[in-house]
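Q: So here's model-v1.cif (mmCIF, C-alpha atoms).
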data_coords
#
loop_
_atom_site.label_atom_id
_atom_site.label_comp_id
_atom_site.auth_asym_id
_atom_site.auth_seq_id
_atom_site.Cartn_x
_atom_site.Cartn_y
_atom_site.Cartn_z
CA MET A 150 -11.62 23.86 -46.73
CA ASN A 151 -10.19 21.17 -44.47
CA LYS A 152 -9.11 22.39 -41.07
CA LEU A 153 -5.99 21.17 -39.29
CA THR A 154 -6.85 20.43 -35.69
CA VAL A 155 -3.91 20.44 -33.27
CA SER A 156 -4.43 18.84 -29.88
CA LEU A 157 -2.26 18.34 -26.84
CA SER A 158 0.13 15.41 -26.84
CA PRO A 159 0.19 12.46 -26.83
CA HIS A 160 -1.44 12.20 -30.23
CA ILE A 161 -1.24 8.39 -30.40
CA HIS A 162 -2.28 6.22 -27.46
CA SER A 163 -0.35 2.98 -26.97
CA GLY A 164 -3.33 1.18 -25.43
CA GLY A 165 -1.47 0.61 -22.20
CA SER A 166 -2.86 1.50 -18.78
CA ILE A 167 -2.02 1.05 -15.12
CA ASP A 168 -4.71 -1.59 -14.73
CA ARG A 169 -3.51 -3.54 -17.74
CA CYS A 170 0.12 -3.55 -16.60
CA MET A 171 -0.80 -4.59 -13.06
CA TRP A 172 -2.97 -7.46 -14.18
CA ASN A 173 -0.23 -8.63 -16.54
CA VAL A 174 2.05 -8.89 -13.51
CA VAL A 175 -0.62 -10.87 -11.65
CA ILE A 176 -0.91 -13.29 -14.56
CA ALA A 177 2.88 -13.65 -14.71
CA MET A 178 2.98 -14.64 -11.02
CA ILE A 179 0.44 -17.46 -11.37
CA PRO A 180 2.99 -20.14 -12.42
CA ALA A 181 5.16 -19.35 -9.39
CA LEU A 182 2.11 -19.48 -7.14
CA GLY A 183 1.19 -22.85 -8.58
CA VAL A 184 4.66 -24.24 -7.85
CA ALA A 185 4.52 -22.87 -4.29
CA ILE A 186 1.19 -24.61 -3.65
CA TYR A 187 2.52 -27.83 -5.19
CA THR A 188 5.66 -27.69 -3.01
CA PHE A 189 4.20 -26.55 0.32
CA GLY A 190 0.58 -27.62 -0.02
CA LEU A 191 -2.49 -25.77 1.22
CA PRO A 192 -0.57 -23.68 3.81
CA ALA A 193 0.98 -21.77 0.90
CA LEU A 194 -2.49 -20.97 -0.43
CA TYR A 195 -3.69 -19.88 3.03
CA VAL A 196 -0.74 -17.51 3.48
CA THR A 197 -1.35 -16.02 0.04
CA LEU A 198 -5.07 -15.53 0.58
CA ILE A 199 -4.56 -13.92 3.99
CA SER A 200 -1.87 -11.62 2.65
CA VAL A 201 -3.92 -10.55 -0.37
CA ALA A 202 -7.10 -10.03 1.68
CA THR A 203 -5.23 -7.94 4.26
CA CYS A 204 -3.61 -5.73 1.63
CA LEU A 205 -6.89 -5.17 -0.23
CA LEU A 206 -8.82 -4.39 2.96
CA THR A 207 -6.11 -2.08 4.30
CA GLU A 208 -5.91 -0.06 1.09
CA TRP A 209 -9.70 0.15 0.82
CA ALA A 210 -10.08 1.33 4.43
CA ILE A 211 -7.31 3.95 4.24
CA THR A 212 -8.52 5.24 0.87
CA ARG A 213 -12.12 5.58 2.03
CA TYR A 214 -11.84 6.70 5.66
CA MET A 215 -8.53 8.56 5.79
CA LEU A 216 -7.81 9.90 2.31
CA ARG A 217 -11.50 10.27 1.37
CA ARG A 218 -10.90 9.09 -2.18
CA PRO A 219 -12.57 6.56 -4.47
CA SER A 220 -11.39 3.00 -4.00
CA THR A 221 -8.27 2.03 -5.96
CA ILE A 222 -8.16 -1.70 -5.24
CA SER A 223 -9.51 -2.55 -8.71
CA ASN A 224 -6.27 -1.50 -10.42
CA GLY A 225 -4.53 -4.61 -9.11
CA SER A 226 -1.62 -2.91 -7.30
CA ALA A 227 -2.75 -3.98 -3.82
CA LEU A 228 -3.30 -7.50 -5.12
CA ILE A 229 0.27 -7.57 -6.43
CA THR A 230 1.59 -6.32 -3.09
CA GLY A 231 -0.31 -9.05 -1.28
CA MET A 232 0.97 -11.76 -3.59
CA LEU A 233 4.57 -10.51 -3.46
CA LEU A 234 4.46 -10.26 0.32
CA ALA A 235 3.23 -13.85 0.49
CA PHE A 236 5.99 -14.90 -1.91
CA ASN A 237 8.49 -13.56 0.63
CA LEU A 238 7.07 -15.48 3.61
CA PRO A 239 7.44 -19.05 4.89
CA SER A 240 4.41 -21.25 4.34
CA ILE A 241 4.14 -21.96 8.08
CA LEU A 242 4.16 -18.33 9.25
CA PRO A 243 1.32 -17.70 11.78
CA TRP A 244 -1.68 -15.99 10.20
CA TRP A 245 -1.57 -12.97 12.49
CA MET A 246 2.01 -12.20 11.43
CA VAL A 247 0.88 -12.31 7.80
CA VAL A 248 -1.83 -9.78 8.68
CA ILE A 249 0.70 -7.49 10.36
CA GLY A 250 2.94 -7.71 7.31
CA GLY A 251 0.07 -6.79 4.99
CA VAL A 252 -0.96 -3.79 7.10
CA VAL A 253 2.63 -2.51 7.24
CA ALA A 254 3.19 -3.09 3.52
CA ILE A 255 0.13 -1.11 2.46
CA GLY A 256 -0.31 1.28 5.38
CA ILE A 257 3.32 2.31 5.82
CA GLY A 258 5.02 1.23 2.62
CA LYS A 259 2.42 2.64 0.22
CA MET A 260 -0.50 4.68 1.54
CA SER A 261 1.57 6.83 3.92
CA PHE A 262 3.13 8.32 0.77
CA GLY A 263 -0.26 9.00 -0.79
CA GLY A 264 -0.85 5.74 -2.59
CA LEU A 265 0.27 4.28 -5.90
CA GLY A 266 2.93 6.39 -7.57
CA GLY A 267 4.12 8.16 -4.44
CA ASN A 268 5.87 5.43 -2.49
CA ILE A 269 9.67 5.41 -2.26
CA TRP A 270 10.22 1.74 -1.45
CA ASN A 271 8.65 -1.46 -2.70
CA PRO A 272 5.67 -1.96 -0.32
CA ALA A 273 5.88 -5.77 -0.22
CA LEU A 274 9.54 -5.61 0.79
CA VAL A 275 8.76 -3.03 3.47
CA GLY A 276 6.33 -5.53 4.99
CA ARG A 277 8.76 -8.41 4.59
CA VAL A 278 11.72 -6.63 6.22
CA PHE A 279 9.48 -5.38 9.05
CA LEU A 280 8.46 -8.96 9.80
CA LEU A 281 12.05 -10.20 9.49
CA LEU A 282 13.31 -7.66 12.01
CA SER A 283 10.32 -8.09 14.34
CA PHE A 284 9.95 -11.88 14.22
CA PRO A 285 13.32 -13.26 13.03
CA ALA A 286 12.75 -16.77 14.39
CA ALA A 287 9.35 -17.20 12.70
CA MET A 288 10.59 -15.69 9.44
CA THR A 289 13.49 -18.14 9.27
CA THR A 290 11.60 -21.30 10.27
CA TRP A 291 10.78 -23.62 7.38
CA PRO A 292 8.83 -26.86 6.91
CA ALA A 293 11.01 -29.87 7.66
CA ASP A 294 9.32 -32.26 5.21
CA VAL A 295 9.90 -30.41 1.92
CA PRO A 296 11.97 -32.23 -0.76
CA SER A 297 15.48 -30.82 -0.99
CA ALA A 298 17.96 -30.22 -3.81
CA PHE A 299 20.87 -31.17 -1.50
CA ASP A 300 22.81 -34.34 -2.09
CA ALA A 301 21.50 -37.51 -0.44
CA THR A 302 23.38 -37.03 2.86
CA SER A 303 22.56 -33.36 3.30
CA LYS A 304 18.97 -33.96 2.20
CA ALA A 305 18.28 -36.50 4.93
CA THR A 306 19.87 -34.32 7.59
CA ALA A 307 18.09 -31.12 6.59
CA ASN A 308 14.67 -32.69 6.26
CA ALA A 309 14.89 -34.59 9.52
CA SER A 310 16.06 -31.75 11.72
CA THR A 311 16.14 -28.10 10.71
CA GLY A 312 14.32 -27.80 7.42
CA ALA A 313 17.14 -25.49 6.33
CA THR A 314 16.95 -23.62 3.05
CA LEU A 315 19.37 -24.27 0.25
CA LEU A 316 20.78 -20.76 0.56
CA THR A 317 21.50 -21.28 4.27
CA HIS A 318 23.24 -24.53 3.44
CA LEU A 319 25.34 -22.80 0.77
CA ASN A 320 26.47 -20.10 3.20
CA ASP A 321 27.22 -22.62 5.95
CA THR A 322 29.37 -24.72 3.63
CA LYS A 323 33.00 -23.72 4.09
CA ALA A 324 34.23 -25.45 0.95
CA ALA A 325 33.56 -23.96 -2.48
CA PRO A 326 30.11 -25.16 -3.63
CA SER A 327 30.01 -27.68 -6.43
CA LEU A 328 27.11 -28.47 -8.74
CA ALA A 329 27.83 -32.15 -8.08
CA ASP A 330 26.42 -31.74 -4.55
CA TYR A 331 23.13 -30.23 -5.72
CA ASP A 332 20.39 -31.16 -8.13
CA LEU A 333 19.95 -28.13 -10.36
CA LEU A 334 16.76 -29.52 -11.89
CA ASP A 335 15.21 -29.95 -8.43
CA MET A 336 16.14 -26.36 -7.65
CA ALA A 337 14.53 -25.15 -10.87
CA ILE A 338 11.23 -26.97 -10.39
CA GLY A 339 10.76 -26.18 -6.71
CA HIS A 340 12.18 -29.15 -4.79
CA MET A 341 13.77 -26.99 -2.10
CA ASN A 342 12.80 -25.08 1.00
CA GLY A 343 12.40 -21.34 1.41
CA SER A 344 9.81 -18.63 1.03
CA LEU A 345 6.87 -19.29 -1.27
CA GLY A 346 8.31 -17.36 -4.19
CA GLU A 347 11.87 -18.61 -3.85
CA VAL A 348 11.04 -22.04 -5.21
CA GLY A 349 10.39 -22.87 -8.84
CA GLY A 350 12.93 -20.88 -10.84
CA ILE A 351 11.47 -22.13 -14.12
CA ALA A 352 8.03 -20.80 -13.15
CA ILE A 353 9.52 -17.38 -12.43
CA LEU A 354 11.33 -17.40 -15.78
CA ILE A 355 8.02 -18.25 -17.51
CA GLY A 356 6.58 -15.17 -15.82
CA LEU A 357 9.54 -13.13 -17.06
CA VAL A 358 8.96 -14.26 -20.65
CA TYR A 359 5.29 -13.25 -20.37
CA LEU A 360 6.16 -9.81 -18.99
CA LEU A 361 8.67 -9.22 -21.77
CA ALA A 362 6.30 -10.50 -24.46
CA THR A 363 3.52 -8.19 -23.29
CA LYS A 364 6.03 -5.31 -22.96
CA THR A 365 5.03 -4.86 -19.34
CA ILE A 366 8.72 -4.57 -18.44
CA THR A 367 11.98 -4.37 -20.38
CA TRP A 368 14.98 -6.68 -20.06
CA HIS A 369 17.32 -4.10 -18.55
CA ILE A 370 16.70 -4.61 -14.82
CA PRO A 371 16.31 -8.43 -14.71
CA VAL A 372 19.34 -9.03 -16.93
CA SER A 373 21.55 -6.54 -15.09
CA VAL A 374 20.56 -7.94 -11.67
CA LEU A 375 21.22 -11.56 -12.66
CA GLY A 376 24.35 -10.73 -14.65
CA SER A 377 25.83 -8.70 -11.81
CA ALA A 378 24.99 -11.36 -9.23
CA ALA A 379 26.55 -14.08 -11.41
CA LEU A 380 29.69 -12.00 -11.95
CA PHE A 381 30.29 -11.26 -8.27
CA SER A 382 29.29 -14.75 -7.20
CA TRP A 383 32.08 -16.07 -9.42
CA ALA A 384 34.48 -13.34 -8.26
CA PHE A 385 33.96 -14.28 -4.59
CA GLY A 386 34.44 -18.00 -5.20
CA GLY A 387 30.79 -19.00 -5.42
CA ASN A 388 28.86 -20.80 -8.11
CA PRO A 389 26.74 -18.39 -10.21
CA LEU A 390 24.04 -20.94 -11.03
CA LEU A 391 23.59 -21.92 -7.40
CA ASP A 392 23.42 -18.28 -6.31
CA ILE A 393 20.84 -17.44 -8.97
CA PHE A 394 18.50 -20.36 -8.26
CA ALA A 395 18.92 -20.39 -4.47
CA GLY A 396 17.02 -17.82 -2.45
CA GLY A 397 15.01 -14.92 -3.78
CA LEU A 398 17.35 -13.61 -6.46
CA LEU A 399 15.14 -14.60 -9.40
CA LEU A 400 11.98 -13.47 -7.64
CA GLY A 401 13.43 -10.08 -6.81
CA ALA A 402 14.98 -9.53 -10.24
CA VAL A 403 11.76 -10.30 -12.13
CA PHE A 404 8.90 -9.09 -9.93
CA MET A 405 10.21 -6.62 -7.34
CA ALA A 406 13.16 -4.72 -8.75
CA THR A 407 11.07 -3.99 -11.88
CA ASP A 408 8.37 -2.11 -9.97
CA TYR A 409 7.56 1.00 -12.03
CA VAL A 410 7.33 3.43 -9.12
CA THR A 411 10.53 2.45 -7.32
CA SER A 412 12.86 1.85 -10.30
CA PRO A 413 14.64 4.34 -12.62
CA MET A 414 12.93 5.74 -15.70
CA THR A 415 15.72 5.41 -18.26
CA HIS A 416 17.37 2.26 -19.59
CA LYS A 417 20.81 3.51 -18.53
CA GLY A 418 19.54 4.15 -15.03
CA GLN A 419 17.88 0.73 -14.92
CA LEU A 420 21.17 -0.97 -15.84
CA ILE A 421 22.99 0.85 -13.04
CA PHE A 422 20.13 0.08 -10.64
CA GLY A 423 20.11 -3.63 -11.48
CA PHE A 424 23.90 -3.93 -11.43
CA MET A 425 24.09 -2.51 -7.92
CA ILE A 426 21.27 -4.74 -6.66
CA GLY A 427 23.12 -7.84 -7.83
CA PHE A 428 26.38 -6.61 -6.31
CA ILE A 429 24.86 -5.72 -2.92
CA THR A 430 22.95 -9.00 -2.77
CA ILE A 431 26.10 -11.08 -3.17
CA ILE A 432 28.02 -8.89 -0.69
CA ILE A 433 25.33 -9.45 1.96
CA ARG A 434 25.16 -13.18 1.20
CA ARG A 435 28.92 -13.58 1.53
CA PHE A 436 29.77 -11.20 4.35
CA GLY A 437 26.48 -10.17 6.02
CA ALA A 438 24.62 -11.52 9.02
CA TYR A 439 21.69 -12.73 6.90
CA PRO A 440 22.00 -15.53 4.35
CA GLU A 441 19.76 -13.61 1.91
CA GLY A 442 20.37 -10.02 0.86
CA MET A 443 17.93 -9.44 -2.01
CA SER A 444 15.30 -7.56 -0.01
CA PHE A 445 17.83 -5.21 1.58
CA ALA A 446 19.58 -4.64 -1.76
CA ILE A 447 16.36 -3.63 -3.53
CA LEU A 448 15.21 -1.34 -0.71
CA LEU A 449 18.62 0.30 -0.54
CA MET A 450 18.68 0.94 -4.28
CA ASN A 451 15.05 2.16 -4.16
CA SER A 452 16.43 4.98 -2.01
CA PHE A 453 18.89 5.95 -4.75
CA VAL A 454 16.33 6.02 -7.57
CA PRO A 455 15.72 9.81 -7.35
CA LEU A 456 19.48 10.37 -7.62
CA ILE A 457 19.79 7.96 -10.54
CA ASN A 458 16.87 9.65 -12.31
CA ARG A 459 18.52 13.03 -11.82
CA TYR A 460 21.74 12.06 -13.57
CA CYS A 461 20.31 9.52 -16.04
CA HIS A 462 17.44 11.52 -17.47
CA PRO A 463 16.31 11.22 -21.10
CA SER A 464 17.57 13.84 -23.53
CA VAL A 465 15.20 16.61 -24.56
CA PHE A 466 13.54 15.97 -27.94
CA GLY A 467 15.48 17.81 -30.63
CA ALA A 468 18.39 18.75 -28.36
CA LYS A 469 21.00 16.94 -30.47
CA GLU A 470 19.80 18.62 -33.65
CA ARG A 471 19.93 22.08 -32.05
CA ARG A 472 23.48 21.46 -30.77
CA ALA A 473 24.55 20.31 -34.23
CA MET A 474 23.14 23.47 -35.81
CA ALA A 475 24.75 25.77 -33.26
#
Spell out the structure here as structure tokens.
A:
Amino acid sequence: MNKLTVSLSPHIHSGGSIDRCMWNVVIAMIPALGVAIYTFGLPALYVTLISVATCLLTEWAITRYMLRRPSTISNGSALITGMLLAFNLPSILPWWMVVIGGVVAIGIGKMSFGGLGGNIWNPALVGRVFLLLSFPAAMTTWPADVPSAFDATSKATANASTGATLLTHLNDTKAAPSLADYDLLDMAIGHMNGSLGEVGGIAILIGLVYLLATKTITWHIPVSVLGSAALFSWAFGGNPLLDIFAGGLLLGAVFMATDYVTSPMTHKGQLIFGFMIGFITIIIRRFGAYPEGMSFAILLMNSFVPLINRYCHPSVFGAKERRAMA
């Protein structure tokens, strides 16, 4: 007689794992890294290597000597934090500031909560905001010889003097921005100043397609962030395309807001989460003291994730059928 063996769920394994998802994210970031190196040269590579090495070493040291656990650096999460932190830094940031940012990102933003899965905020953004508040001048100083997407007059002025970012120029312009004054193709392929990951919108979108194709993430957060930002950019008299491609909006929507640990579990919650990130980002850009608001918007909404999860939880399996029978 054949026996029916019943085991604990899940009965079917999807084949996914933490390591696999993390390394998919790393692969998706490679095009953006390539554009950053092409735009800023070897300094971009140096900043990335220092950031990654610091994050890996910090997590290894804390895991071994403080938490007394096996090393977790092989799962790729610390590598992602290092790359994302570098993507949020200028290419000319002093190396010792990059090291401080990496230690804060991993030590405070991640390991102080017990490691992967316990952190409240995105670790890379914790490191980035710490550096921005501690060293505002260094974090807002950009190379002066990077090709710009400004029109010919603005391009010569920016490159010769301040090395201003496109987003700063947009916020300083009193008149309503017009696409005629900017080269959208240059913006998309990385011919503009900013942090390493802000340039090369097309490269970031290639990474998004890869993440969606491998089912590493779903469309809900990126689409809601970009859609909300475009809507409120238009509502406040801006140009949605310029707001999307200038600054870190694309980077944040694709690689940081989608972090598993610090984003809602349900699709409904993810749509609310992304919508509010886009809204807050545009509010800060238009009315705040900083020209960029993406980092603050994501960290603020990270804080609301437990509340969103509480009210946007998935329905219990079979609940609808039981209510219908009652």
Q: Mind pulling up the distance from CA of Pro243 (chain A) to CA of Ser220 (chain A)?
A: 29.0 Å
Q: What would the selection look like, as a PyMOL selection string, if the PyMOL selection byres ((chain A and resi 376) around 10) were run on the coordinates I just shared?
A: chain A and resi 370-375+377-382+389+393+423-424+427-428
Q: Put the listed atoms of region 401-418 of chain A in a box along x, y and z with 8 Å added on every side and give me the centre and edge lengths in Å to one decimal, as lines of an AutoDock Vina configuration file.
A:
center_x = 14.1
center_y = -2.3
center_z = -13.2
size_x = 29.5
size_y = 32.0
size_z = 28.8
Q: Excluding region 344-349 of chain A and any residue of its chain fewer than 5 positions from it, enumerate the residues within 9 Å of it, using all atoms listed in the file, and give them as a PyMOL selection string.
A: chain A and resi 180-182+184-186+188-189+193+197+233+235-240+288+291+314+335-339+354+394-400
Q: Please provide the set of residues having any atom within 12 Å of region 459-461 of chain A, restricted to only C-alpha atoms, with same-chain residues fewer than 3 positions apart removed, written as a list in words.
A: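 Near neighbours after the sequence-gap exclusion: Pro413, Met414, Thr415, His416, Lys417, Gly418, Gln419, Leu420, Ile421, Phe422, Phe453, Val454, Pro455, Leu456 and Ser464 of chain A.
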Q: Dump C-alpha atoms for the selected residues as a PDB file, keeping the file's coordinate frame?
A:
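Produced file again_33.pdb, reproduced below:
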ATOM      1  CA  PRO A 413      14.640   4.340 -12.620  1.00  0.00           C
ATOM      2  CA  MET A 414      12.930   5.740 -15.700  1.00  0.00           C
ATOM      3  CA  THR A 415      15.720   5.410 -18.260  1.00  0.00           C
ATOM      4  CA  HIS A 416      17.370   2.260 -19.590  1.00  0.00           C
ATOM      5  CA  LYS A 417      20.810   3.510 -18.530  1.00  0.00           C
ATOM      6  CA  GLY A 418      19.540   4.150 -15.030  1.00  0.00           C
ATOM      7  CA  GLN A 419      17.880   0.730 -14.920  1.00  0.00           C
ATOM      8  CA  LEU A 420      21.170  -0.970 -15.840  1.00  0.00           C
ATOM      9  CA  ILE A 421      22.990   0.850 -13.040  1.00  0.00           C
ATOM     10  CA  PHE A 422      20.130   0.080 -10.640  1.00  0.00           C
ATOM     11  CA  PHE A 453      18.890   5.950  -4.750  1.00  0.00           C
ATOM     12  CA  VAL A 454      16.330   6.020  -7.570  1.00  0.00           C
ATOM     13  CA  PRO A 455      15.720   9.810  -7.350  1.00  0.00           C
ATOM     14  CA  LEU A 456      19.480  10.370  -7.620  1.00  0.00           C
ATOM     15  CA  SER A 464      17.570  13.840 -23.530  1.00  0.00           C
TER      16      SER A 464
END
Q: Residues near region 279-285 of chain A, anyone? I mean within 9 Å using only C-alpha atoms, not counting same-chain ones fewer than 5 positions away, as a list in words.
A: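 Near region 279-285 of chain A, the qualifying residues are Met246, Val247, Ile249, Gly250, Val253, Ala254, Leu274 and Thr290 of chain A.
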Q: Care to translate the PyMOL selection byres ((chain A and resi 452) around 12) into actual residues of this file, as an MDAnalysis selection string?
A: chainID A and resid 268:271 410:413 422 426 445:451 453:458
Q: Suppose you want the space between CA of Cys204 (chain A) and CA of Gly183 (chain A); what is it in Å?
A: 20.5 Å
Q: Smallest atom-to-atom distance to Ser223 (chain A): which of A:Met171, A:Phe404, A:Val196, A:Gly251, using all atoms listed in the file?
A: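 The answer is A:Met171, which sits nearest to Ser223 (chain A).
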